[in-house]
file work_30.csv (CSV, C-alpha atoms)
chain,number,residue,atom,x,y,z
A,373,MET,CA,-20.2,13.7,-17.9
A,374,SER,CA,-19.8,17.4,-18.1
A,375,THR,CA,-20.3,19.2,-21.4
A,376,VAL,CA,-17.7,21.3,-23.2
A,377,ASP,CA,-18.4,25.0,-23.6
A,378,GLU,CA,-17.6,25.8,-27.3
A,379,ASN,CA,-16.7,29.4,-26.4
A,380,VAL,CA,-13.9,28.2,-23.9
A,381,TYR,CA,-10.8,26.5,-25.2
A,382,SER,CA,-10.1,23.2,-23.5
A,383,ARG,CA,-6.7,21.5,-24.0
A,384,PHE,CA,-8.2,18.3,-22.7
A,385,SER,CA,-11.0,18.1,-25.2
A,386,SER,CA,-8.7,19.4,-28.0
A,387,ASP,CA,-5.8,17.0,-27.4
A,388,TYR,CA,-7.8,14.0,-26.2
A,389,ASP,CA,-10.5,11.9,-27.7
A,390,LEU,CA,-13.3,12.1,-25.1
A,391,ASP,CA,-15.1,9.1,-26.7
A,392,THR,CA,-12.2,6.9,-25.4
A,393,GLU,CA,-12.3,8.3,-21.8
A,394,GLU,CA,-12.8,5.7,-19.1
A,395,TYR,CA,-13.1,6.0,-15.3
A,396,LEU,CA,-10.2,4.6,-13.3
A,397,GLY,CA,-10.8,5.9,-9.7
A,398,SER,CA,-11.8,8.8,-7.6
A,399,GLY,CA,-10.3,10.8,-4.7
A,400,ALA,CA,-11.2,13.6,-2.3
A,401,ASN,CA,-10.8,16.3,-5.0
A,402,GLY,CA,-11.5,14.7,-8.3
A,403,VAL,CA,-11.1,11.6,-10.5
A,404,VAL,CA,-8.5,9.6,-12.5
A,405,VAL,CA,-9.4,8.6,-16.0
A,406,CYS,CA,-7.6,7.1,-19.0
A,407,CYS,CA,-8.0,8.7,-22.4
A,408,LYS,CA,-6.3,8.5,-25.9
A,409,ASN,CA,-4.3,11.4,-27.0
A,410,ARG,CA,-5.2,12.5,-30.5
A,411,LEU,CA,-1.6,13.5,-31.5
A,412,ASP,CA,0.4,10.4,-30.6
A,413,GLU,CA,-2.6,8.0,-30.3
A,414,LYS,CA,-1.3,6.8,-26.9
A,415,THR,CA,-3.5,6.3,-23.9
A,416,TYR,CA,-2.6,8.1,-20.7
A,417,ALA,CA,-3.8,8.4,-17.1
A,418,ILE,CA,-5.2,11.8,-16.4
A,419,LYS,CA,-5.8,13.0,-12.9
A,420,LYS,CA,-8.4,15.8,-12.8
A,421,ILE,CA,-8.6,17.9,-9.6
A,422,SER,CA,-11.2,20.6,-9.0
A,423,VAL,CA,-9.7,23.9,-8.0
A,424,PHE,CA,-11.9,26.2,-6.0
A,425,VAL,CA,-11.6,30.0,-6.2
A,426,ASP,CA,-11.1,30.6,-2.5
A,427,GLU,CA,-8.4,32.3,-0.5
A,428,ASP,CA,-8.2,29.3,1.9
A,429,PHE,CA,-8.0,26.7,-0.9
A,430,PRO,CA,-4.7,24.8,-0.7
A,431,PHE,CA,-3.7,25.3,-4.4
A,432,ASP,CA,0.0,25.0,-3.6
A,433,GLU,CA,-0.6,21.6,-2.0
A,434,LEU,CA,-2.4,20.4,-5.1
A,435,MET,CA,0.4,21.6,-7.3
A,436,ARG,CA,3.0,20.0,-5.1
A,437,GLU,CA,2.2,16.6,-6.5
A,438,ALA,CA,3.1,17.7,-10.1
A,439,VAL,CA,6.2,19.6,-8.9
A,440,ILE,CA,7.5,16.6,-7.1
A,441,LEU,CA,6.7,14.2,-9.9
A,442,SER,CA,8.6,16.4,-12.3
A,443,LYS,CA,11.8,15.8,-10.3
A,444,PHE,CA,11.8,12.1,-11.2
A,445,ASN,CA,12.8,10.2,-14.3
A,446,ASN,CA,13.2,6.7,-13.1
A,447,PRO,CA,11.7,3.4,-14.2
A,448,ALA,CA,10.6,2.6,-10.6
A,449,ILE,CA,8.3,5.6,-10.5
A,450,VAL,CA,5.1,6.2,-12.6
A,451,ARG,CA,6.2,8.7,-15.3
A,452,TYR,CA,4.9,12.2,-15.2
A,453,HIS,CA,4.3,14.0,-18.6
A,454,SER,CA,2.6,17.4,-18.0
A,455,VAL,CA,0.3,19.5,-16.0
A,456,TRP,CA,-2.1,22.3,-16.9
A,457,ILE,CA,-5.1,24.2,-15.6
A,458,GLU,CA,-8.4,24.8,-17.4
A,459,PRO,CA,-11.3,27.1,-16.5
A,460,THR,CA,-13.7,24.2,-16.3
A,461,PHE,CA,-13.9,20.5,-15.4
A,462,VAL,CA,-14.2,18.6,-18.7
A,463,GLY,CA,-15.2,14.9,-19.3
A,464,ILE,CA,-16.1,12.2,-16.8
A,465,THR,CA,-16.7,13.7,-13.3
A,466,GLY,CA,-17.1,10.4,-11.3
A,467,ASP,CA,-17.7,6.7,-11.4
A,468,PRO,CA,-20.4,6.1,-14.1
A,469,GLN,CA,-21.7,3.2,-12.0
A,470,ILE,CA,-22.4,5.5,-9.0
A,471,PRO,CA,-25.0,8.3,-8.9
A,472,THR,CA,-23.4,11.7,-9.3
A,473,GLU,CA,-24.8,12.8,-5.9
A,474,GLU,CA,-22.4,10.3,-4.3
A,475,HIS,CA,-19.3,12.0,-5.9
A,476,PRO,CA,-20.2,15.6,-6.4
A,477,VAL,CA,-17.8,17.6,-8.6
A,478,GLU,CA,-18.2,21.3,-9.4
A,479,THR,CA,-17.9,21.2,-13.2
A,480,ASP,CA,-18.0,25.0,-13.5
A,481,GLN,CA,-14.9,25.4,-11.3
A,482,PRO,CA,-11.3,25.5,-12.7
A,483,CYS,CA,-9.6,22.1,-13.0
A,484,LEU,CA,-6.0,20.9,-12.6
A,485,TYR,CA,-5.0,18.2,-15.1
A,486,ILE,CA,-2.0,15.9,-14.5
A,487,GLN,CA,-1.0,13.7,-17.4
A,488,GLN,CA,0.8,10.5,-16.3
A,489,GLU,CA,1.8,7.1,-17.6
A,490,LEU,CA,-1.0,4.6,-17.8
A,491,CYS,CA,-0.1,1.4,-15.9
A,492,ASP,CA,-1.6,-2.1,-16.2
A,493,CYS,CA,-2.8,-2.7,-12.7
A,494,THR,CA,-2.0,-2.2,-9.0
A,495,VAL,CA,-0.7,-4.7,-6.4
A,496,GLU,CA,-4.1,-4.4,-4.7
A,497,GLN,CA,-5.8,-5.6,-7.9
A,498,LYS,CA,-3.4,-8.4,-8.3
A,499,MET,CA,-3.9,-9.5,-4.7
A,500,LYS,CA,-7.7,-9.5,-5.2
A,501,ALA,CA,-7.2,-11.7,-8.2
A,502,GLY,CA,-5.4,-14.4,-6.2
A,503,ALA,CA,-2.8,-15.2,-3.6
A,504,LEU,CA,0.7,-13.9,-4.4
A,505,THR,CA,3.5,-16.4,-4.7
A,506,PRO,CA,6.6,-16.1,-2.5
A,507,GLU,CA,8.6,-14.9,-5.5
A,508,GLU,CA,6.0,-12.1,-6.2
A,509,CYS,CA,6.1,-11.0,-2.6
A,510,ALA,CA,9.9,-10.7,-2.7
A,511,HIS,CA,9.9,-8.9,-6.1
A,512,ILE,CA,7.2,-6.4,-5.1
A,513,PHE,CA,8.9,-5.6,-1.7
A,514,LEU,CA,12.4,-5.1,-3.1
A,515,GLU,CA,11.3,-3.2,-6.2
A,516,THR,CA,9.3,-0.8,-4.0
A,517,ALA,CA,12.3,-0.4,-1.7
A,518,LYS,CA,14.4,0.4,-4.7
A,519,GLY,CA,11.9,3.1,-5.8
A,520,LEU,CA,11.8,4.5,-2.3
A,521,LYS,CA,15.6,4.7,-2.2
A,522,HIS,CA,15.5,6.9,-5.3
A,523,ILE,CA,12.6,9.0,-3.9
A,524,HIS,CA,14.4,9.5,-0.6
A,525,GLY,CA,17.6,10.4,-2.5
A,526,HIS,CA,15.7,13.5,-3.7
A,527,ASN,CA,14.8,14.4,-0.1
A,528,ILE,CA,11.2,13.4,-0.6
A,529,MET,CA,8.8,11.4,1.6
A,530,HIS,CA,6.1,9.6,-0.4
A,531,GLY,CA,3.7,9.6,2.5
A,532,ASP,CA,1.2,7.0,1.2
A,533,ILE,CA,2.9,3.7,0.4
A,534,LYS,CA,0.3,1.0,0.1
A,535,LYS,CA,-0.9,-1.8,-2.3
A,536,ALA,CA,-3.2,0.6,-4.2
A,537,ASN,CA,-0.2,2.9,-5.0
A,538,ILE,CA,2.2,0.3,-6.3
A,539,PHE,CA,1.7,-0.3,-10.0
A,540,PHE,CA,2.6,-2.9,-12.7
A,541,SER,CA,3.5,-1.5,-16.1
A,542,ASN,CA,5.0,-3.6,-18.9
A,543,GLY,CA,6.5,-6.0,-16.5
A,544,LEU,CA,8.0,-3.3,-14.2
A,545,LEU,CA,6.9,-2.3,-10.8
A,546,LYS,CA,6.4,1.4,-10.2
A,547,ILE,CA,5.5,3.7,-7.3
A,548,GLY,CA,2.7,6.2,-8.1
A,549,ASP,CA,0.2,8.7,-6.5
A,550,PHE,CA,2.3,11.4,-5.0
A,551,GLY,CA,-0.7,13.3,-3.7
A,552,LEU,CA,0.6,13.2,-0.1
A,553,ALA,CA,4.3,13.5,-0.8
A,554,GLN,CA,6.2,16.1,1.0
A,555,GLU,CA,9.8,17.5,1.0
A,556,ILE,CA,11.7,16.3,4.0
A,557,GLY,CA,13.6,19.5,4.4
A,558,ASP,CA,15.5,19.9,7.6
A,559,GLY,CA,13.3,17.4,9.4
A,560,THR,CA,11.1,19.9,11.2
A,561,ASN,CA,8.2,19.8,8.7
A,562,GLU,CA,5.0,18.3,10.1
A,563,ILE,CA,3.2,15.5,8.3
A,564,LYS,CA,0.0,17.1,6.9
A,565,THR,CA,-2.1,14.0,6.3
A,566,LYS,CA,-1.9,10.5,7.9
A,567,PRO,CA,-3.7,7.8,5.8
A,568,PRO,CA,-4.6,4.5,7.4
A,569,TYR,CA,-1.7,2.1,8.0
A,570,SER,CA,0.8,5.0,8.1
A,571,ALA,CA,3.6,5.4,10.6
A,572,PRO,CA,2.9,7.1,14.0
A,573,ASP,CA,5.5,9.8,13.1
A,574,GLU,CA,4.6,13.5,13.5
A,575,LEU,CA,7.5,15.0,11.4
A,576,VAL,CA,8.2,14.4,7.7
A,577,ASN,CA,11.0,11.8,7.3
A,578,ALA,CA,12.0,9.0,5.0
A,579,LYS,CA,11.6,6.3,7.7
A,580,ALA,CA,7.8,6.9,7.7
A,581,ASP,CA,7.8,5.3,4.2
A,582,VAL,CA,9.8,2.4,5.6
A,583,PHE,CA,7.2,1.7,8.2
A,584,SER,CA,4.5,1.6,5.5
A,585,LEU,CA,6.7,-0.7,3.4
A,586,GLY,CA,6.9,-3.0,6.4
A,587,ILE,CA,3.1,-3.0,6.6
A,588,LEU,CA,2.8,-3.7,2.9
A,589,LEU,CA,5.2,-6.7,3.3
A,590,VAL,CA,3.1,-8.1,6.2
A,591,GLU,CA,-0.1,-7.7,4.2
A,592,MET,CA,1.3,-9.5,1.1
A,593,LEU,CA,2.7,-12.4,3.2
A,594,LEU,CA,-0.7,-12.8,5.0
A,595,ASN,CA,-2.4,-12.8,1.6
A,596,SER,CA,-0.1,-15.4,0.2
A,597,THR,CA,-0.2,-17.8,3.2
A,598,GLY,CA,-3.7,-17.2,4.6
A,599,GLY,CA,-4.7,-18.1,8.2
A,600,HIS,CA,-5.2,-14.5,9.4
A,601,LYS,CA,-7.3,-11.6,8.2
A,602,ALA,CA,-4.8,-9.1,7.0
A,603,SER,CA,-6.8,-6.0,7.8
A,604,GLU,CA,-7.2,-7.0,11.5
A,605,VAL,CA,-3.5,-7.7,11.9
A,606,ILE,CA,-2.4,-4.5,10.2
A,607,ARG,CA,-4.9,-2.5,12.3
A,608,MET,CA,-3.2,-3.9,15.5
A,609,LEU,CA,0.2,-3.2,14.1
A,610,THR,CA,-0.5,0.5,13.5
A,611,LYS,CA,-2.7,1.2,16.6
A,612,ARG,CA,-0.6,-0.4,19.3
A,613,GLY,CA,2.4,1.3,20.8
A,614,LYS,CA,4.5,-1.8,20.1
A,615,ALA,CA,4.2,-3.9,17.0
A,616,GLU,CA,3.3,-7.5,17.5
A,617,LEU,CA,3.0,-10.2,14.8
A,618,PRO,CA,0.6,-13.2,15.0
A,619,ASP,CA,1.8,-16.2,17.0
A,620,SER,CA,1.9,-18.2,13.8
A,621,TRP,CA,4.5,-16.0,12.4
A,622,PRO,CA,7.8,-18.0,12.5
A,623,ASP,CA,10.9,-16.7,14.2
A,624,GLY,CA,13.9,-15.9,12.0
A,625,LEU,CA,15.6,-13.2,10.0
A,626,LEU,CA,12.4,-12.0,8.2
A,627,LYS,CA,10.6,-11.5,11.5
A,628,THR,CA,13.6,-9.5,12.7
A,629,TRP,CA,13.5,-7.2,9.7
A,630,VAL,CA,9.8,-6.7,9.9
A,631,MET,CA,9.9,-5.8,13.5
A,632,ARG,CA,12.7,-3.3,12.8
A,633,MET,CA,10.7,-1.6,10.1
A,634,LEU,CA,7.7,-1.3,12.4
A,635,LYS,CA,9.6,0.3,15.3
A,636,LYS,CA,7.8,3.2,16.9
A,637,GLU,CA,10.9,5.4,16.8
A,638,PRO,CA,11.9,6.4,13.2
A,639,SER,CA,15.6,6.3,14.1
A,640,GLN,CA,15.4,2.6,15.0
A,641,ARG,CA,14.0,1.6,11.5
A,642,PRO,CA,16.4,0.7,8.7
A,643,SER,CA,16.6,3.1,5.7
A,644,SER,CA,15.6,2.1,2.2
A,645,SER,CA,19.3,2.1,1.3
A,646,ARG,CA,20.0,-0.3,4.1
A,647,ILE,CA,17.2,-2.6,2.9
A,648,MET,CA,18.6,-2.7,-0.6
A,649,LYS,CA,22.1,-3.5,0.6
A,650,LYS,CA,20.7,-6.6,2.3
A,651,LYS,CA,18.3,-7.4,-0.5
A,652,VAL,CA,19.8,-10.9,-1.1
A,653,GLU,CA,19.3,-12.1,2.5
A,654,ILE,CA,15.9,-10.5,2.7
A,655,GLU,CA,14.7,-12.1,-0.5
A,656,ASP,CA,16.0,-15.5,0.8
A,657,ALA,CA,14.2,-14.9,4.1
A,658,ILE,CA,10.9,-14.1,2.2
A,659,LEU,CA,11.2,-17.2,0.1
A,660,LYS,CA,11.8,-19.4,3.1
A,661,PHE,CA,9.0,-17.8,5.2
A,662,HIS,CA,6.2,-19.7,3.6
A,663,LEU,CA,7.9,-23.1,4.3
A,664,LYS,CA,8.7,-22.1,7.9
A,665,LYS,CA,5.1,-20.9,8.4
A,666,LYS,CA,3.7,-24.1,7.1
A,667,GLN,CA,6.0,-26.1,9.4
A,668,LYS,CA,5.0,-24.0,12.4
A,669,VAL,CA,1.3,-24.3,11.7
A,670,HIS,CA,1.7,-28.1,11.2
A,671,ALA,CA,3.6,-28.4,14.5
A,672,THR,CA,1.0,-26.3,16.4
A,673,ALA,CA,-1.8,-28.4,14.9
A,674,GLU,CA,0.0,-31.7,16.0
A,675,LYS,CA,0.3,-30.3,19.6
A,676,GLN,CA,-3.3,-29.4,19.7
A,677,ILE,CA,-4.4,-32.8,18.5
A,678,GLU,CA,-2.1,-34.5,21.0
A,679,GLY,CA,-3.5,-32.3,23.8
A,680,MET,CA,-7.0,-33.3,22.8
A,681,GLN,CA,-6.2,-37.0,22.7
A,682,HIS,CA,-4.5,-36.8,26.2
A,683,LYS,CA,-7.5,-34.9,27.6
A,684,HIS,CA,-10.0,-37.6,26.4
A,685,ARG,CA,-7.7,-40.6,27.2
A,686,LYS,CA,-9.2,-43.0,29.8
A,687,PRO,CA,-7.0,-43.7,32.8
A,688,LYS,CA,-5.7,-47.2,33.0
A,689,ASN,CA,-6.3,-49.7,35.9
A,690,VAL,CA,-8.2,-47.1,38.0
A,691,LYS,CA,-10.5,-49.7,39.4
A,692,GLY,CA,-7.7,-52.0,40.5
A,693,LYS,CA,-5.8,-49.2,42.1
A,694,VAL,CA,-8.8,-48.2,44.1
A,695,GLN,CA,-9.5,-51.8,45.3
A,696,ARG,CA,-5.8,-52.2,46.4
A,697,HIS,CA,-6.0,-48.9,48.3
A,698,ARG,CA,-9.1,-50.1,50.1
A,699,ARG,CA,-7.5,-53.4,51.1
A,700,HIS,CA,-4.4,-51.7,52.5
A,701,SER,CA,-6.6,-49.2,54.4
A,702,LEU,CA,-8.4,-52.1,56.2
A,703,LEU,CA,-5.3,-53.8,57.4

call {"tool": "encode", "arguments": {"input": "work_30.csv", "output": "structure tokens"}}
result
Amino acid sequence: MSTVDENVYSRFSSDYDLDTEEYLGSGANGVVVCCKNRLDEKTYAIKKISVFVDEDFPFDELMREAVILSKFNNPAIVRYHSVWIEPTFVGITGDPQIPTEEHPVETDQPCLYIQQELCDCTVEQKMKAGALTPEECAHIFLETAKGLKHIHGHNIMHGDIKKANIFFSNGLLKIGDFGLAQEIGDGTNEIKTKPPYSAPDELVNAKADVFSLGILLVEMLLNSTGGHKASEVIRMLTKRGKAELPDSWPDGLLKTWVMRMLKKEPSQRPSSSRIMKKKVEIEDAILKFHLKKKQKVHATAEKQIEGMQHKHRKPKNVKGKVQRHRRHSLL
């Protein structure tokens, strides 16, 4: 933990009780902590990003997250409260369980602070705790699609839809972490960063988020039904020129929707608005998916057993047939 210079005013150390500060996670430029505000006694998530004094430092890109977050006031999006800059990095600088050398942070550099709503957990954490139910898969998918519809309505691409960036907060599902978000503009802006499992698109567009939403759905369904390692399937879906689902994936409406969302060409994918218009049939398809998959797996297993039995079955009356053949050949 960095120390506070008494000669330098720090809004973070003044407004927040540093004794309550806890590490939540880290990224390329800084950390996310939770800390109690001294004034309203509420606990918030604070993202702390080191700002380097350099002509080439992309300060505008760091500020972009706060600027984009300030546009939203919707229950489907993690709430933004405020942003400020301080001359030093105050408080926890990395995971207390990991040596500082593994997560170096220049504490004497200026720091950007982004105050946000503190959520309960992420979809990723919930999946690690146990398999999702069909109802949970449908709820997470459709609520994320609803949030994306609002984001896309503001001409913004989130750019990093994944299980770690979808949050639960007081029973609501919220999209967070807009660190890679970009304005869509006239459709000629290039995507600056491509995280794993992202669309193959080169230009900023809303359909890139739809591709990632499709990947999220596949990952959740594989988590809930088992039988395949999700990471391997998703790696194949994102690396190949054509999306292919496992053979055990049952045919039907849900498979059709997933394949549309994972189309290589953005124009061939459905929009988030289109998904919400068809939410009733998609929800029904997700709920039926588990039953269909079990039936297909059961049918496949029966065929395999039948094939093995046929392979090891002894031929009947072989000896008699051979003897009759010999008698006829001697006549």

call {"tool": "closest_residue", "arguments": {"input": "work_30.csv", "among": "A:Ile587, A:Ala602, A:Ile486, A:Leu594", "to": "Ile457 of chain A", "atoms": "all atoms listed in the file"}}
result
A:Ile486

call {"tool": "closest_residue", "arguments": {"input": "work_30.csv", "among": "A:Ala517, A:Asn445, A:Lys408, A:Thr494", "to": "Lys649 of chain A", "atoms": "all atoms listed in the file"}}
result
A:Ala517

call {"tool": "atom_distance", "arguments": {"input": "work_30.csv", "atom1": "atom CA of Asp573 of chain A", "atom2": "atom CA of Ser442 of chain A"}}
result
26.4 Å

call {"tool": "closest_residue", "arguments": {"input": "work_30.csv", "among": "A:Leu545, A:Leu585, A:Val576, A:Leu514", "to": "Lys651 of chain A", "atoms": "all atoms listed in the file"}}
result
A:Leu514

call {"tool": "closest_residue", "arguments": {"input": "work_30.csv", "among": "A:His522, A:Arg410, A:Lys420, A:Arg646", "to": "Gly397 of chain A", "atoms": "only C-alpha atoms"}}
result
A:Lys420

call {"tool": "residues_around", "arguments": {"input": "work_30.csv", "residues": "Ile421 of chain A", "least_positions_apart": "4", "cutoff": "7 Å", "atoms": "only C-alpha atoms", "output": "ChimeraX atom specification"}}
result
/A:401-403,483-485

call {"tool": "atom_distance", "arguments": {"input": "work_30.csv", "atom1": "atom CA of Ser382 of chain A", "atom2": "atom CA of Tyr395 of chain A"}}
result
19.3 Å
